[in-house]
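A.B. asks: Dropping in my_file-v5.pdb, which is PDB, C-alpha atoms, pLDDT in the B column:
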ATOM      1  CA  MET S   1     -16.192   0.156  23.677  1.00 82.00           C
ATOM      2  CA  ARG S   2     -14.764   0.774  20.212  1.00 91.00           C
ATOM      3  CA  SER S   3     -16.398  -0.541  17.060  1.00 94.00           C
ATOM      4  CA  PRO S   4     -14.455  -2.156  14.193  1.00 95.00           C
ATOM      5  CA  ASN S   5     -14.778   1.177  12.327  1.00 96.00           C
ATOM      6  CA  ASP S   6     -13.161   2.981  15.276  1.00 96.00           C
ATOM      7  CA  TRP S   7     -10.194   0.589  15.038  1.00 97.00           C
ATOM      8  CA  VAL S   8      -9.979   1.189  11.286  1.00 97.00           C
ATOM      9  CA  SER S   9      -9.755   4.926  12.026  1.00 97.00           C
ATOM     10  CA  LEU S  10      -6.876   4.228  14.416  1.00 97.00           C
ATOM     11  CA  LEU S  11      -5.172   2.124  11.733  1.00 98.00           C
ATOM     12  CA  GLU S  12      -5.109   5.238   9.544  1.00 97.00           C
ATOM     13  CA  THR S  13      -2.299   6.489  11.816  1.00 97.00           C
ATOM     14  CA  VAL S  14      -0.051   3.559  10.807  1.00 98.00           C
ATOM     15  CA  PRO S  15       2.030   4.473   7.732  1.00 97.00           C
ATOM     16  CA  ASP S  16       3.205   1.941   5.182  1.00 95.00           C
ATOM     17  CA  PRO S  17       6.935   1.547   5.992  1.00 93.00           C
ATOM     18  CA  GLU S  18       7.969   1.468   2.316  1.00 90.00           C
ATOM     19  CA  ILE S  19       5.595   4.218   1.140  1.00 92.00           C
ATOM     20  CA  PRO S  20       5.065   6.437   4.211  1.00 94.00           C
ATOM     21  CA  VAL S  21       2.864   8.903   2.346  1.00 96.00           C
ATOM     22  CA  LEU S  22       0.109   6.254   2.533  1.00 97.00           C
ATOM     23  CA  ASN S  23      -1.247   4.549   5.609  1.00 97.00           C
ATOM     24  CA  VAL S  24      -2.068   0.848   5.768  1.00 97.00           C
ATOM     25  CA  VAL S  25      -5.777   1.506   5.199  1.00 97.00           C
ATOM     26  CA  GLU S  26      -5.133   3.642   2.100  1.00 96.00           C
ATOM     27  CA  MET S  27      -2.824   0.931   0.763  1.00 94.00           C
ATOM     28  CA  GLY S  28      -5.677  -1.564   1.026  1.00 94.00           C
ATOM     29  CA  ILE S  29      -3.566  -3.822   3.224  1.00 95.00           C
ATOM     30  CA  VAL S  30      -6.171  -3.912   6.025  1.00 97.00           C
ATOM     31  CA  ARG S  31      -8.741  -6.526   5.022  1.00 96.00           C
ATOM     32  CA  SER S  32     -10.906  -6.596   8.136  1.00 97.00           C
ATOM     33  CA  VAL S  33     -11.172  -5.719  11.791  1.00 98.00           C
ATOM     34  CA  GLU S  34     -13.147  -8.031  14.063  1.00 97.00           C
ATOM     35  CA  CYS S  35     -13.951  -7.488  17.726  1.00 96.00           C
ATOM     36  CA  PRO S  36     -15.101 -10.834  19.184  1.00 96.00           C
ATOM     37  CA  GLY S  37     -15.321 -10.841  22.985  1.00 94.00           C
ATOM     38  CA  ASN S  38     -12.184  -9.329  24.516  1.00 95.00           C
ATOM     39  CA  SER S  39     -10.160  -9.518  21.305  1.00 96.00           C
ATOM     40  CA  ILE S  40      -9.384  -7.274  18.385  1.00 97.00           C
ATOM     41  CA  ILE S  41      -8.330  -9.191  15.285  1.00 98.00           C
ATOM     42  CA  ILE S  42      -6.841  -7.162  12.455  1.00 98.00           C
ATOM     43  CA  LYS S  43      -6.388  -9.050   9.206  1.00 98.00           C
ATOM     44  CA  ILE S  44      -3.842  -7.716   6.734  1.00 97.00           C
ATOM     45  CA  THR S  45      -2.863  -8.827   3.238  1.00 95.00           C
ATOM     46  CA  PRO S  46       0.655  -8.444   1.787  1.00 92.00           C
ATOM     47  CA  THR S  47       0.965  -6.439  -1.401  1.00 88.00           C
ATOM     48  CA  TYR S  48       2.745  -9.457  -2.869  1.00 84.00           C
ATOM     49  CA  MET S  49       3.920 -12.833  -1.604  1.00 82.00           C
ATOM     50  CA  GLY S  50       7.111 -12.453   0.367  1.00 82.00           C
ATOM     51  CA  CYS S  51       6.689  -8.705   0.964  1.00 85.00           C
ATOM     52  CA  PRO S  52       9.387  -7.929   3.561  1.00 85.00           C
ATOM     53  CA  ALA S  53       7.363  -5.060   5.036  1.00 89.00           C
ATOM     54  CA  MET S  54       4.619  -7.266   6.497  1.00 92.00           C
ATOM     55  CA  ASP S  55       6.466  -8.029   9.737  1.00 94.00           C
ATOM     56  CA  ALA S  56       7.207  -4.329  10.174  1.00 95.00           C
ATOM     57  CA  ILE S  57       3.564  -3.456   9.476  1.00 96.00           C
ATOM     58  CA  ALA S  58       2.317  -6.012  12.019  1.00 97.00           C
ATOM     59  CA  ASP S  59       4.830  -4.687  14.575  1.00 97.00           C
ATOM     60  CA  ASP S  60       3.799  -1.071  13.876  1.00 98.00           C
ATOM     61  CA  ILE S  61       0.117  -1.960  14.309  1.00 98.00           C
ATOM     62  CA  GLN S  62       0.911  -3.690  17.612  1.00 98.00           C
ATOM     63  CA  ALA S  63       3.003  -0.719  18.779  1.00 97.00           C
ATOM     64  CA  LYS S  64       0.333   1.880  17.939  1.00 97.00           C
ATOM     65  CA  LEU S  65      -2.868   0.008  18.776  1.00 97.00           C
ATOM     66  CA  GLY S  66      -1.684  -2.534  21.359  1.00 96.00           C
ATOM     67  CA  PRO S  67      -1.555  -0.031  24.247  1.00 97.00           C
ATOM     68  CA  ILE S  68      -5.041   1.242  23.365  1.00 96.00           C
ATOM     69  CA  ALA S  69      -6.367  -2.325  23.342  1.00 96.00           C
ATOM     70  CA  MET S  70      -4.700  -3.010  26.704  1.00 96.00           C
ATOM     71  CA  GLU S  71      -6.332   0.106  28.220  1.00 95.00           C
ATOM     72  CA  GLU S  72      -9.661  -1.440  27.243  1.00 93.00           C
ATOM     73  CA  SER S  73      -8.651  -4.876  28.633  1.00 95.00           C
ATOM     74  CA  LYS S  74      -8.560  -6.371  25.158  1.00 96.00           C
ATOM     75  CA  THR S  75      -5.950  -8.405  23.331  1.00 97.00           C
ATOM     76  CA  LEU S  76      -4.840  -7.325  19.882  1.00 98.00           C
ATOM     77  CA  ARG S  77      -3.894  -9.874  17.258  1.00 97.00           C
ATOM     78  CA  VAL S  78      -2.659  -9.160  13.732  1.00 98.00           C
ATOM     79  CA  GLU S  79      -3.171 -11.965  11.228  1.00 97.00           C
ATOM     80  CA  LEU S  80      -1.876 -12.328   7.677  1.00 95.00           C
ATOM     81  CA  VAL S  81      -4.419 -13.406   5.072  1.00 95.00           C
ATOM     82  CA  TYR S  82      -3.461 -14.292   1.531  1.00 93.00           C
ATOM     83  CA  SER S  83      -6.821 -14.627  -0.167  1.00 94.00           C
ATOM     84  CA  PRO S  84      -7.983 -12.642  -1.900  1.00 92.00           C
ATOM     85  CA  ALA S  85      -4.578 -11.524  -3.118  1.00 91.00           C
ATOM     86  CA  TRP S  86      -3.864  -7.796  -2.868  1.00 92.00           C
ATOM     87  CA  THR S  87      -4.220  -5.796  -6.070  1.00 91.00           C
ATOM     88  CA  THR S  88      -3.429  -2.230  -7.083  1.00 91.00           C
ATOM     89  CA  ASP S  89      -7.128  -1.976  -7.923  1.00 90.00           C
ATOM     90  CA  TRP S  90      -7.593  -1.444  -4.166  1.00 91.00           C
ATOM     91  CA  LEU S  91      -5.760   1.912  -4.361  1.00 92.00           C
ATOM     92  CA  ASP S  92      -8.394   4.605  -4.756  1.00 90.00           C
ATOM     93  CA  ASP S  93      -7.916   7.850  -6.682  1.00 92.00           C
ATOM     94  CA  ALA S  94      -6.965   9.766  -3.519  1.00 95.00           C
ATOM     95  CA  ALA S  95      -4.200   7.248  -2.721  1.00 96.00           C
ATOM     96  CA  LYS S  96      -2.939   7.414  -6.311  1.00 95.00           C
ATOM     97  CA  ALA S  97      -2.848  11.220  -6.111  1.00 96.00           C
ATOM     98  CA  LYS S  98      -0.798  11.008  -2.891  1.00 97.00           C
ATOM     99  CA  LEU S  99       1.647   8.614  -4.569  1.00 96.00           C
ATOM    100  CA  GLU S 100       2.113  10.985  -7.482  1.00 96.00           C
ATOM    101  CA  LYS S 101       2.602  14.013  -5.226  1.00 96.00           C
ATOM    102  CA  TYR S 102       5.203  11.974  -3.296  1.00 96.00           C
ATOM    103  CA  GLY S 103       7.113  11.298  -6.537  1.00 96.00           C
ATOM    104  CA  ILE S 104       5.891   7.780  -7.345  1.00 95.00           C
ATOM    105  CA  ALA S 105       3.945   7.312 -10.568  1.00 94.00           C
ATOM    106  CA  PRO S 106       0.735   5.466  -9.628  1.00 94.00           C
ATOM    107  CA  PRO S 107      -0.449   2.355 -11.471  1.00 91.00           C
ATOM    108  CA  VAL S 108      -2.132   3.331 -14.727  1.00 83.00           C
ATOM    109  CA  LYS S 109      -3.979   0.145 -15.537  1.00 68.00           C
ATOM    110  CA  THR S 110      -6.168  -2.373 -13.840  1.00 64.00           C
ATOM    111  CA  SER S 111      -5.024  -5.784 -12.694  1.00 58.00           C
ATOM    112  CA  ASP S 112      -7.198  -7.357 -15.420  1.00 50.00           C
ATOM    113  CA  LYS S 113      -5.018  -9.921 -17.235  1.00 53.00           C
ATOM    114  CA  ARG S 114      -5.551  -8.193 -20.568  1.00 48.00           C
ATOM    115  CA  ALA S 115      -4.148  -4.928 -19.173  1.00 45.00           C
ATOM    116  CA  LEU S 116      -1.130  -6.618 -17.601  1.00 48.00           C
ATOM    117  CA  GLN S 117       0.296  -7.984 -20.842  1.00 57.00           C
ATOM    118  CA  GLY S 118       3.377  -6.009 -21.833  1.00 59.00           C
ATOM    119  CA  GLU S 119       4.846  -2.743 -20.652  1.00 55.00           C
ATOM    120  CA  PRO S 120       2.442   0.042 -19.611  1.00 54.00           C
ATOM    121  CA  SER S 121       1.874   2.358 -22.544  1.00 64.00           C
ATOM    122  CA  GLU S 122       2.070   5.793 -20.906  1.00 84.00           C
ATOM    123  CA  ILE S 123       3.735   6.380 -17.573  1.00 92.00           C
ATOM    124  CA  HIS S 124       3.549  10.057 -16.650  1.00 93.00           C
ATOM    125  CA  CYS S 125       6.461  11.643 -14.831  1.00 96.00           C
ATOM    126  CA  PRO S 126       5.224  12.554 -11.330  1.00 96.00           C
ATOM    127  CA  HIS S 127       7.518  15.599 -11.351  1.00 96.00           C
ATOM    128  CA  CYS S 128       6.745  17.368 -14.643  1.00 97.00           C
ATOM    129  CA  LYS S 129       3.761  15.267 -15.885  1.00 95.00           C
ATOM    130  CA  SER S 130       5.481  14.477 -19.200  1.00 97.00           C
ATOM    131  CA  LYS S 131       4.499  11.288 -21.019  1.00 94.00           C
ATOM    132  CA  ASP S 132       8.025  11.081 -22.463  1.00 96.00           C
ATOM    133  CA  THR S 133       9.433   8.533 -20.007  1.00 96.00           C
ATOM    134  CA  ARG S 134      11.436   5.344 -20.302  1.00 95.00           C
ATOM    135  CA  LEU S 135      11.801   2.161 -18.313  1.00 93.00           C
ATOM    136  CA  VAL S 136      15.226   1.893 -16.682  1.00 95.00           C
ATOM    137  CA  SER S 137      14.654  -1.286 -14.670  1.00 93.00           C
ATOM    138  CA  LEU S 138      11.700  -3.552 -13.933  1.00 88.00           C
ATOM    139  CA  PHE S 139      12.770  -3.351 -10.294  1.00 87.00           C
ATOM    140  CA  GLY S 140      12.724  -0.081  -8.377  1.00 86.00           C
ATOM    141  CA  SER S 141      13.336   0.735  -4.729  1.00 85.00           C
ATOM    142  CA  THR S 142      10.997  -2.131  -3.794  1.00 84.00           C
ATOM    143  CA  ALA S 143       9.838  -5.197  -5.718  1.00 82.00           C
ATOM    144  CA  CYS S 144       6.386  -3.678  -6.289  1.00 85.00           C
ATOM    145  CA  LYS S 145       7.866  -0.725  -8.172  1.00 90.00           C
ATOM    146  CA  ALA S 146       9.739  -0.286 -11.453  1.00 92.00           C
ATOM    147  CA  HIS S 147      12.392   2.378 -12.040  1.00 94.00           C
ATOM    148  CA  TYR S 148      11.737   4.969 -14.765  1.00 96.00           C
ATOM    149  CA  GLN S 149      13.369   8.157 -15.970  1.00 97.00           C
ATOM    150  CA  CYS S 150      11.732  11.170 -17.532  1.00 98.00           C
ATOM    151  CA  ASN S 151      13.226  12.179 -20.871  1.00 98.00           C
ATOM    152  CA  SER S 152      11.849  15.726 -20.479  1.00 98.00           C
ATOM    153  CA  CYS S 153      13.101  16.728 -17.026  1.00 97.00           C
ATOM    154  CA  SER S 154      15.681  13.895 -16.640  1.00 97.00           C
ATOM    155  CA  GLU S 155      14.381  13.024 -13.168  1.00 97.00           C
ATOM    156  CA  PRO S 156      14.336   9.356 -12.132  1.00 97.00           C
ATOM    157  CA  PHE S 157      11.205   8.040 -10.454  1.00 96.00           C
ATOM    158  CA  ASP S 158       9.518   4.866  -9.294  1.00 95.00           C
ATOM    159  CA  TYR S 159       6.385   3.518 -10.948  1.00 94.00           C
ATOM    160  CA  PHE S 160       4.023   1.447  -8.807  1.00 90.00           C
ATOM    161  CA  LYS S 161       3.468  -1.684 -10.889  1.00 87.00           C
ATOM    162  CA  CYS S 162      -0.018  -3.001 -11.582  1.00 82.00           C
ATOM    163  CA  ILE S 163      -0.369  -6.088  -9.463  1.00 76.00           C
TER     164      ILE S 163
END
Now, as a test, write the supplied structure out as structure tokens.

C.D. replies:
Amino acid sequence: MRSPNDWVSLLETVPDPEIPVLNVVEMGIVRSVECPGNSIIIKITPTYMGCPAMDAIADDIQAKLGPIAMEESKTLRVELVYSPAWTTDWLDDAAKAKLEKYGIAPPVKTSDKRALQGEPSEIHCPHCKSKDTRLVSLFGSTACKAHYQCNSCSEPFDYFKCI
């Protein structure tokens, strides 16, 4: 019989479909795993309201963990929870380092309201580490990212917005 922590370990094999360098646990999307009776209930939180990846994430969790649950005569249910709202504060330093290595500048501030006012002051290029970067568009490859360009190496890159 698997514990909730065992199921969390299995969830680490489910990549985020929009940022595959991170899994759903590293993204902070998995809020809880409960194992009442013959059920496994996995609660996930969208990174923002209307995130189009949530259906894909729920389907991926079902595809990866559903057969394991069935082998143990359990039913697997994935539920969306909206409170508390997801925040980039839930990305730890290891996840931020993976983002940067993947070519996405990680969030540089906290979600504290005071830090969210205005444009981030220094966004480092994930390619050459230069601070000489400029905002190209508030919207990058996904709604949770902004598009930047490095003035030093000329490479474009996404910046994961503080949410």

A.B. asks: Measuring atom to atom with all atoms listed in the file, identify which of S:Leu80, S:Cys153, S:Ala63, S:Cys125 is nearest to Glu100 (chain S).

C.D. replies: S:Cys125

A.B. asks: May I ask which of the residues S:Lys129, S:Arg2, S:Lys64, S:Lys74 is the closest one to Gly103 (chain S), counting all atoms listed in the file?

C.D. replies: S:Lys129

A.B. asks: Measuring between all atoms listed in the file, which one of S:Asn5, S:Pro126, S:Ala56, S:Ser32 shows the shortest distance to Ala97 (chain S)?

C.D. replies: S:Pro126

A.B. asks: Enumerate, as a list of chain:residue names, the protein, DNA and RNA residues whose atoms approach (-7.0, -0.6, -7.5) to within 10 Å, taking into account all atoms listed in the file and the coordinate frame of the file.

C.D. replies: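 Residues with an atom close enough to that point: S:Met27, S:Gly28, S:Trp86, S:Thr87, S:Thr88, S:Asp89, S:Trp90, S:Leu91, S:Asp92, S:Asp93, S:Ala95, S:Lys96, S:Pro107, S:Val108, S:Lys109, S:Thr110, S:Ser111, S:Cys162, S:Ile163.
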
A.B. asks: At a cut-off of 10 Å, using only C-alpha atoms, what residues contact Glu72 (chain S)? Leave out same-chain residues fewer than 6 positions from it and give the result as a ChimeraX atom specification.

C.D. replies: /S:1-2,38,66
